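A.B. asks: Take this structure, written in structure tokens, and hold onto it; I'll ask about it next.
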Amino acid sequence: QVQLVESGGGSVQPGGSLRLSCEVSENIRSFWSMAWYRKVPGKEPELVAEALNNGIRHYPPSVQGRFTISRERYAVYLDMNDLKTEDTGVYYCNRATDSGRIVYAWGQGTPVTVSA
């Protein structure tokens, strides 16, 4: 089973920045999609960034221009700038199918708290 280990979260003030890392136990070069998700209590996981292996990147409007996803052979990163309180949550990475289905069990996630 592929292991996903997220890190880099923390507490920051609005406007701050963080860089999240996701170490993957398998070479992701051939994986079509790797993505970051945000979970908050009572809500479904929200996709916040997706990196396809053809170089295309997808972001929802809420983070467009502030978040940047990148991927290497064994890792996925999320650079988050100009953080807002609504970015608060636990962040997870995962592989997704072309229909958006999550492939692996969730890792432990890394918490991000944005507050004044």
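We label chains A, B, ... in the order they appear in the structure tokens, count residues from 1 in each chain, and number ligands from 1 in the order shown.
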Show me, as a PyMOL selection string, the residues that have an atom within 6 Å of Thr110 of chain A when counting only C-alpha atoms, minus same-chain residues fewer than 6 positions from it.
C.D. replies: chain A and resi 6-7+9+90-91
A.B. asks: Export N, CA and C atoms of the chosen residues as a short mmCIF file (atom, residue, chain, number, x, y, z; two decimals), in the first residue's frame?
C.D. replies:
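File written: selection_17.cif
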```cif
data_model
loop_
_atom_site.label_atom_id
_atom_site.label_comp_id
_atom_site.auth_asym_id
_atom_site.auth_seq_id
_atom_site.Cartn_x
_atom_site.Cartn_y
_atom_site.Cartn_z
N GLU A 6 2.12 13.72 5.05
CA GLU A 6 2.04 15.17 4.89
C GLU A 6 2.74 15.87 6.04
N SER A 7 3.30 17.04 5.74
CA SER A 7 3.96 17.85 6.77
C SER A 7 3.99 19.30 6.32
N GLY A 9 2.41 21.95 7.95
CA GLY A 9 1.34 22.80 8.43
C GLY A 9 1.74 23.59 9.67
N VAL A 90 -7.41 20.75 7.78
CA VAL A 90 -6.37 19.74 7.72
C VAL A 90 -6.16 19.39 6.25
N TYR A 91 -4.92 19.44 5.83
CA TYR A 91 -4.59 19.25 4.42
C TYR A 91 -4.01 17.86 4.18
#
```
A.B. asks: With only C-alpha atoms as the counted atoms, please give the residues lying no more than 12 Å from Thr113 of chain A, apart from itself and same-chain residues fewer than 4 positions off, as a compact mmCIF listing (two decimals) with C-alpha atoms, in the first residue's frame.
C.D. replies:
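Printed below is out.txt as written:
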```txt
# COMPACT_ATOMS: atom_id res chain seq x y z
CA GLY A 8 4.56 21.57 6.91
CA GLY A 9 1.34 22.80 8.43
CA GLY A 10 1.16 25.29 11.25
CA SER A 11 -0.46 28.40 12.64
CA VAL A 12 -0.08 31.66 10.75
CA GLN A 13 -1.71 35.05 10.62
CA PRO A 14 -3.79 36.15 7.65
CA GLY A 16 1.11 34.57 5.84
CA SER A 17 2.61 31.71 3.88
CA LEU A 18 3.23 28.03 4.34
CA ARG A 38 -8.62 20.36 2.67
CA VAL A 40 -12.90 20.79 7.82
CA LEU A 83 -3.44 32.84 3.55
CA LYS A 84 -6.97 33.61 4.68
CA THR A 85 -8.93 32.42 7.68
CA GLU A 86 -11.07 30.28 5.39
CA ASP A 87 -7.97 28.30 4.41
CA THR A 88 -7.97 26.74 7.87
CA GLY A 89 -8.29 22.97 7.87
CA VAL A 90 -6.37 19.74 7.72
CA TYR A 91 -4.59 19.25 4.42
```
A.B. asks: Nearest to Glu26 of chain A among A:Arg71, A:Gln3, A:Leu78, A:Pro41, with distances taken over only C-alpha atoms: which residue is it?
C.D. replies: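 Nearest to Glu26 of chain A: A:Gln3.
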A.B. asks: Write out as a PyMOL selection string the residues lying within 8 Å of Pro60 of chain A, counting only C-alpha atoms and excluding same-chain residues fewer than 2 positions away.
C.D. replies: chain A and resi 47-49+58+62-64
A.B. asks: Keeping only N, CA and C atoms, write the selected residues to a file as a PDB file, in the first residue's frame.
C.D. replies:
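As a result, again-v9.pdb now contains:
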```
ATOM      1  N   LEU A  47     -11.085  19.746  -2.836  1.00  0.00           N
ATOM      2  CA  LEU A  47      -9.858  19.785  -3.622  1.00  0.00           C
ATOM      3  C   LEU A  47      -9.381  21.220  -3.715  1.00  0.00           C
ATOM      4  N   VAL A  48      -8.123  21.456  -3.369  1.00  0.00           N
ATOM      5  CA  VAL A  48      -7.579  22.815  -3.426  1.00  0.00           C
ATOM      6  C   VAL A  48      -6.499  22.969  -4.483  1.00  0.00           C
ATOM      7  N   ALA A  49      -5.972  21.877  -4.983  1.00  0.00           N
ATOM      8  CA  ALA A  49      -4.965  21.974  -6.039  1.00  0.00           C
ATOM      9  C   ALA A  49      -4.749  20.592  -6.641  1.00  0.00           C
ATOM     10  N   HIS A  58      -4.723  22.530 -11.811  1.00  0.00           N
ATOM     11  CA  HIS A  58      -6.091  22.986 -11.580  1.00  0.00           C
ATOM     12  C   HIS A  58      -6.212  23.537 -10.176  1.00  0.00           C
ATOM     13  N   SER A  62     -11.264  29.851  -5.222  1.00  0.00           N
ATOM     14  CA  SER A  62     -10.977  30.336  -3.875  1.00  0.00           C
ATOM     15  C   SER A  62      -9.482  30.416  -3.574  1.00  0.00           C
ATOM     16  N   VAL A  63      -8.665  29.649  -4.293  1.00  0.00           N
ATOM     17  CA  VAL A  63      -7.226  29.652  -4.017  1.00  0.00           C
ATOM     18  C   VAL A  63      -6.398  30.060  -5.230  1.00  0.00           C
ATOM     19  N   GLN A  64      -7.058  30.237  -6.365  1.00  0.00           N
ATOM     20  CA  GLN A  64      -6.340  30.598  -7.597  1.00  0.00           C
ATOM     21  C   GLN A  64      -5.493  31.847  -7.367  1.00  0.00           C
TER      22      GLN A  64
END
```
A.B. asks: Please determine, counting only C-alpha atoms, which residue among A:Gly15, A:Ile69, A:Cys93, A:Gln108 has the shortest atom-to-atom distance to Asn53 of chain A.
C.D. replies: A:Ile69
A.B. asks: Take atom CA of Ala96 of chain A and atom CA of Ile56 of chain A and report the distance between them in Å, one decimal.
C.D. replies: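 Separating atom CA of Ala96 of chain A from atom CA of Ile56 of chain A is a distance of 14.3 Å.
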